Amino acid sequence: MADPPSLFPEPSRDKAEKDRVREAGLDPSGHRARLRKRLLEGGDDALADHELIEYLLMIAIPRQDVKPHARMLIQRFGSLAGVLNADAQTLMGVPGIKDAAAAALKIVGISARRLARQTVREEPVLSSWQALLDYLHIDMAHLNHERVRVLYLNTQNRLILDQIVSDGTLDESAIYTREIIAKAMAIGAAALILVHNHPSGSPEPSRADIQITQKIMEAGRLLGITVHDHVIIGRQGHVSLKAKGLI
């Protein structure tokens, strides 16, 4: 007795053969196939940074040699992180990069930030400090303008709110003590961590950075709100004002 037909029939041998021929036609040198094999069988370092970009572009631009595009992107934005954190319009300003390619690059950057943010939310911030630094670097280290954010914590030092309070110009962003403390009071925060980036790349604090931190600490102390730290993020690393004994 013949077997009943499957609800999910496998593709015929003819179709499978046509697919292989089609892929070979798009990849006559076998480069894409070798890249995919290394990605699937290797570890985290199986592909170089430009090859990761290349693989993403291969998916978005299936019928072109995209290696030159990948190298151009790395050169234009300086690093893998710089490419994945670039905004869509800037990406599409690079020759050969259209909306599909920009979307493929953006989705990876967004996914990385969400994954890092979720890790930060799962544990008390002070006991998962490296996870916090990883998240902040992913989000802020490669910005070309200054961003100020405040991490508001509860009595268990778990994150209540991660708020961007200011996106400034190339090297300047306003921090308003009253607004930061008022927000902490409104949401019942017991503590906070100040964070901003230096677009210049160096995370070394300025005199103004130290002074504004001390001002916010004093205002918080009067209302029972602890300022745990002020972290400055740069392409060259990070600086904790508390760790340096500056606050």
# chains A, B, ... in the order shown; residues from 1 in each chain; ligands from 1
>>> select_by_dssp(residues="stretch 2-247 of chain A", states="strand (DSSP E)", output="count of residues only")
36
>>> residues_around(residues="A:Glu51", least_positions_apart="4", cutoff="10 Å", atoms="only C-alpha atoms", output="MDAnalysis selection string")
chainID A and resid 35 39 46:47 55:57 66:67 70:71 80
>>> write_last_selection(atoms="N, CA, C and O atoms", output="PDB file, in the first residue's frame")
ATOM      1  N   LEU A  35      32.713  31.141   3.055  1.00  0.00           N
ATOM      2  CA  LEU A  35      32.464  32.075   4.146  1.00  0.00           C
ATOM      3  C   LEU A  35      31.368  31.530   5.065  1.00  0.00           C
ATOM      4  O   LEU A  35      31.487  31.580   6.297  1.00  0.00           O
ATOM      5  N   LEU A  39      31.595  30.425   9.029  1.00  0.00           N
ATOM      6  CA  LEU A  39      30.694  31.026  10.008  1.00  0.00           C
ATOM      7  C   LEU A  39      29.979  29.961  10.827  1.00  0.00           C
ATOM      8  O   LEU A  39      29.883  30.058  12.055  1.00  0.00           O
ATOM      9  N   ALA A  46      35.830  33.272  13.905  1.00  0.00           N
ATOM     10  CA  ALA A  46      36.037  32.592  12.619  1.00  0.00           C
ATOM     11  C   ALA A  46      36.092  33.571  11.458  1.00  0.00           C
ATOM     12  O   ALA A  46      36.802  33.346  10.475  1.00  0.00           O
ATOM     13  N   LEU A  47      35.343  34.664  11.557  1.00  0.00           N
ATOM     14  CA  LEU A  47      35.326  35.678  10.506  1.00  0.00           C
ATOM     15  C   LEU A  47      35.910  36.980  11.030  1.00  0.00           C
ATOM     16  O   LEU A  47      35.638  37.374  12.162  1.00  0.00           O
ATOM     17  N   TYR A  55      29.208  39.322   5.023  1.00  0.00           N
ATOM     18  CA  TYR A  55      28.160  38.300   5.044  1.00  0.00           C
ATOM     19  C   TYR A  55      26.773  38.939   5.157  1.00  0.00           C
ATOM     20  O   TYR A  55      25.828  38.501   4.505  1.00  0.00           O
ATOM     21  N   LEU A  56      26.657  39.963   5.967  1.00  0.00           N
ATOM     22  CA  LEU A  56      25.377  40.667   6.063  1.00  0.00           C
ATOM     23  C   LEU A  56      24.987  41.273   4.722  1.00  0.00           C
ATOM     24  O   LEU A  56      23.818  41.215   4.312  1.00  0.00           O
ATOM     25  N   LEU A  57      25.960  41.852   4.042  1.00  0.00           N
ATOM     26  CA  LEU A  57      25.677  42.455   2.741  1.00  0.00           C
ATOM     27  C   LEU A  57      25.337  41.404   1.692  1.00  0.00           C
ATOM     28  O   LEU A  57      24.537  41.659   0.784  1.00  0.00           O
ATOM     29  N   VAL A  66      30.320  41.829  -2.796  1.00  0.00           N
ATOM     30  CA  VAL A  66      30.143  42.882  -1.795  1.00  0.00           C
ATOM     31  C   VAL A  66      31.374  43.072  -0.906  1.00  0.00           C
ATOM     32  O   VAL A  66      31.354  43.886   0.008  1.00  0.00           O
ATOM     33  N   LYS A  67      32.432  42.337  -1.179  1.00  0.00           N
ATOM     34  CA  LYS A  67      33.648  42.508  -0.371  1.00  0.00           C
ATOM     35  C   LYS A  67      34.165  43.947  -0.418  1.00  0.00           C
ATOM     36  O   LYS A  67      34.513  44.516   0.632  1.00  0.00           O
ATOM     37  N   ALA A  70      32.104  46.054   1.925  1.00  0.00           N
ATOM     38  CA  ALA A  70      32.381  45.788   3.339  1.00  0.00           C
ATOM     39  C   ALA A  70      33.643  46.512   3.781  1.00  0.00           C
ATOM     40  O   ALA A  70      33.681  47.140   4.854  1.00  0.00           O
ATOM     41  N   ARG A  71      34.686  46.449   2.970  1.00  0.00           N
ATOM     42  CA  ARG A  71      35.936  47.122   3.321  1.00  0.00           C
ATOM     43  C   ARG A  71      35.759  48.639   3.332  1.00  0.00           C
ATOM     44  O   ARG A  71      36.336  49.340   4.168  1.00  0.00           O
ATOM     45  N   LEU A  80      33.960  47.688  13.178  1.00  0.00           N
ATOM     46  CA  LEU A  80      32.698  46.961  13.087  1.00  0.00           C
ATOM     47  C   LEU A  80      31.619  47.666  13.891  1.00  0.00           C
ATOM     48  O   LEU A  80      30.487  47.867  13.419  1.00  0.00           O
TER      49      LEU A  80
END
>>> residues_around(residues="stretch 120-125 of chain A", least_positions_apart="5", cutoff="9 Å", atoms="only C-alpha atoms", output="VMD selection string")
chain A and resid 115 131 to 132 135 153 156 to 160
>>> residues_around(residues="A:Thr90", least_positions_apart="5", cutoff="10 Å", atoms="only C-alpha atoms", output="JSON list (two decimals) with N, CA, C and O atoms, in the first residue's frame")
[["chain", "number", "residue", "atom", "x", "y", "z"],
["A", 77, "PHE", "N", 33.73, 54.06, 8.68],
["A", 77, "PHE", "CA", 33.26, 54.19, 10.05],
["A", 77, "PHE", "C", 34.27, 53.73, 11.10],
["A", 77, "PHE", "O", 34.00, 53.82, 12.29],
["A", 83, "VAL", "N", 30.28, 50.75, 12.16],
["A", 83, "VAL", "CA", 29.33, 50.44, 11.07],
["A", 83, "VAL", "C", 27.95, 50.10, 11.64],
["A", 83, "VAL", "O", 26.92, 50.62, 11.20],
["A", 97, "ILE", "N", 25.46, 51.20, -1.03],
["A", 97, "ILE", "CA", 24.64, 50.80, 0.11],
["A", 97, "ILE", "C", 23.27, 51.46, -0.01],
["A", 97, "ILE", "O", 23.14, 52.67, 0.11],
["A", 102, "ALA", "N", 21.36, 48.76, 4.30],
["A", 102, "ALA", "CA", 21.35, 49.56, 5.54],
["A", 102, "ALA", "C", 20.48, 48.88, 6.59],
["A", 102, "ALA", "O", 20.84, 48.84, 7.77]]
>>> select_by_dssp(residues="stretch 27-240 of chain A", states="alpha helix (DSSP H)", output="MDAnalysis selection string")
chainID A and resid 31:41 49:60 67:77 80:84 88:91 99:122 129:140 177:187 207:222
>>> closest_residue(among="A:Ala243, A:His137, A:His142, A:Leu194", to="A:Gln163", atoms="only C-alpha atoms")
A:Leu194
>>> atom_distance(atom1="atom CA of A:Ala33", atom2="atom CA of A:Leu73")
22.2 Å
>>> residues_around(residues="A:Glu146", least_positions_apart="5", cutoff="12 Å", atoms="only C-alpha atoms", output="list in words")
Asp139, Met140, Ala141, Ile164, Val165, Ser166, Asp167, Gly168, Thr169, Leu170, Asp171, Glu172, Ser173, Ala174, Ile175, Val195, His196, Asn197, His198, Pro199, Ser200, Gly201, Pro203, Ile232, Ile233 and Gly234 of chain A
>>> closest_residue(among="A:His69, A:Lys106, A:Lys215, A:His230", to="A:Glu54", atoms="only C-alpha atoms")
A:His69
>>> decode(residues="stretch 104-214 of chain A", atoms="C-alpha atoms", output="CSV table (one decimal), in the first residue's frame")
chain,number,residue,atom,x,y,z
A,104,ALA,CA,20.5,44.5,7.4
A,105,LEU,CA,23.3,46.3,9.2
A,106,LYS,CA,20.9,48.2,11.4
A,107,ILE,CA,19.0,45.1,12.6
A,108,VAL,CA,22.3,43.6,13.9
A,109,GLY,CA,23.2,46.8,15.8
A,110,ILE,CA,19.7,47.0,17.3
A,111,SER,CA,19.7,43.4,18.3
A,112,ALA,CA,23.1,43.7,20.0
A,113,ARG,CA,21.9,46.7,22.0
A,114,ARG,CA,18.7,45.0,23.1
A,115,LEU,CA,20.6,41.9,24.2
A,116,ALA,CA,23.1,43.9,26.2
A,117,ARG,CA,20.3,46.0,27.8
A,118,GLN,CA,18.4,42.8,28.8
A,119,THR,CA,21.5,41.4,30.5
A,120,VAL,CA,21.8,44.7,32.5
A,121,ARG,CA,18.2,44.5,33.6
A,122,GLU,CA,18.4,40.9,34.9
A,123,GLU,CA,20.9,41.5,37.7
A,124,PRO,CA,21.6,44.3,40.2
A,125,VAL,CA,23.7,46.8,38.3
A,126,LEU,CA,26.5,47.0,40.9
A,127,SER,CA,27.1,43.3,40.9
A,128,SER,CA,27.1,43.1,37.0
A,129,TRP,CA,29.3,46.1,36.3
A,130,GLN,CA,31.0,44.6,33.3
A,131,ALA,CA,27.7,43.9,31.7
A,132,LEU,CA,26.7,47.5,32.2
A,133,LEU,CA,30.0,48.7,30.7
A,134,ASP,CA,29.5,46.4,27.7
A,135,TYR,CA,26.0,47.8,27.1
A,136,LEU,CA,27.2,51.4,27.4
A,137,HIS,CA,30.1,50.9,25.0
A,138,ILE,CA,27.8,49.3,22.4
A,139,ASP,CA,25.4,52.2,22.6
A,140,MET,CA,27.6,55.2,23.1
A,141,ALA,CA,31.3,54.7,22.3
A,142,HIS,CA,31.0,55.4,18.6
A,143,LEU,CA,28.6,58.3,18.7
A,144,ASN,CA,29.8,61.5,17.0
A,145,HIS,CA,28.0,63.7,19.4
A,146,GLU,CA,27.8,63.8,23.2
A,147,ARG,CA,25.0,61.9,24.9
A,148,VAL,CA,24.0,62.0,28.6
A,149,ARG,CA,22.0,59.3,30.2
A,150,VAL,CA,21.0,58.5,33.8
A,151,LEU,CA,20.5,55.0,35.1
A,152,TYR,CA,17.9,55.2,37.9
A,153,LEU,CA,18.1,52.3,40.4
A,154,ASN,CA,15.8,50.9,43.1
A,155,THR,CA,16.8,50.0,46.7
A,156,GLN,CA,18.2,46.6,45.4
A,157,ASN,CA,20.2,48.5,42.8
A,158,ARG,CA,18.2,47.1,39.9
A,159,LEU,CA,17.5,49.3,36.9
A,160,ILE,CA,14.2,51.1,37.0
A,161,LEU,CA,14.8,53.5,34.1
A,162,ASP,CA,17.5,54.0,31.6
A,163,GLN,CA,16.9,57.6,30.4
A,164,ILE,CA,18.7,59.6,27.8
A,165,VAL,CA,18.4,63.1,29.2
A,166,SER,CA,20.4,64.9,26.5
A,167,ASP,CA,21.8,64.5,23.0
A,168,GLY,CA,24.2,67.3,22.4
A,169,THR,CA,26.5,68.7,19.8
A,170,LEU,CA,30.0,67.4,19.0
A,171,ASP,CA,31.5,68.1,22.4
A,172,GLU,CA,28.8,69.6,24.6
A,173,SER,CA,25.6,68.4,26.2
A,174,ALA,CA,23.6,70.0,29.0
A,175,ILE,CA,23.0,68.3,32.3
A,176,TYR,CA,20.3,69.8,34.5
A,177,THR,CA,20.6,68.9,38.2
A,178,ARG,CA,17.1,69.8,39.1
A,179,GLU,CA,15.6,67.7,36.3
A,180,ILE,CA,17.7,64.6,37.2
A,181,ILE,CA,16.8,64.7,40.9
A,182,ALA,CA,13.1,65.5,40.2
A,183,LYS,CA,12.9,62.4,37.9
A,184,ALA,CA,14.5,60.2,40.6
A,185,MET,CA,11.9,61.5,43.1
A,186,ALA,CA,9.0,61.0,40.7
A,187,ILE,CA,9.8,57.3,40.0
A,188,GLY,CA,10.9,56.4,43.5
A,189,ALA,CA,14.6,55.8,42.6
A,190,ALA,CA,17.0,55.2,45.5
A,191,ALA,CA,20.1,55.8,43.5
A,192,LEU,CA,21.5,56.7,40.1
A,193,ILE,CA,24.5,56.4,37.9
A,194,LEU,CA,25.4,59.3,35.5
A,195,VAL,CA,26.9,58.3,32.1
A,196,HIS,CA,28.1,60.4,29.2
A,197,ASN,CA,30.4,59.9,26.2
A,198,HIS,CA,33.3,61.8,24.8
A,199,PRO,CA,33.1,61.9,21.0
A,200,SER,CA,36.8,62.8,20.9
A,201,GLY,CA,37.6,59.2,21.9
A,202,SER,CA,39.4,59.8,25.2
A,203,PRO,CA,37.3,59.2,28.3
A,204,GLU,CA,39.4,61.3,30.6
A,205,PRO,CA,37.1,63.6,32.7
A,206,SER,CA,37.2,67.3,32.4
A,207,ARG,CA,36.9,69.7,35.4
A,208,ALA,CA,33.3,70.4,34.3
A,209,ASP,CA,32.5,66.7,34.5
A,210,ILE,CA,33.8,66.5,38.1
A,211,GLN,CA,32.0,69.7,39.1
A,212,ILE,CA,28.6,68.7,37.8
A,213,THR,CA,28.9,65.3,39.4
A,214,GLN,CA,29.6,66.8,42.8
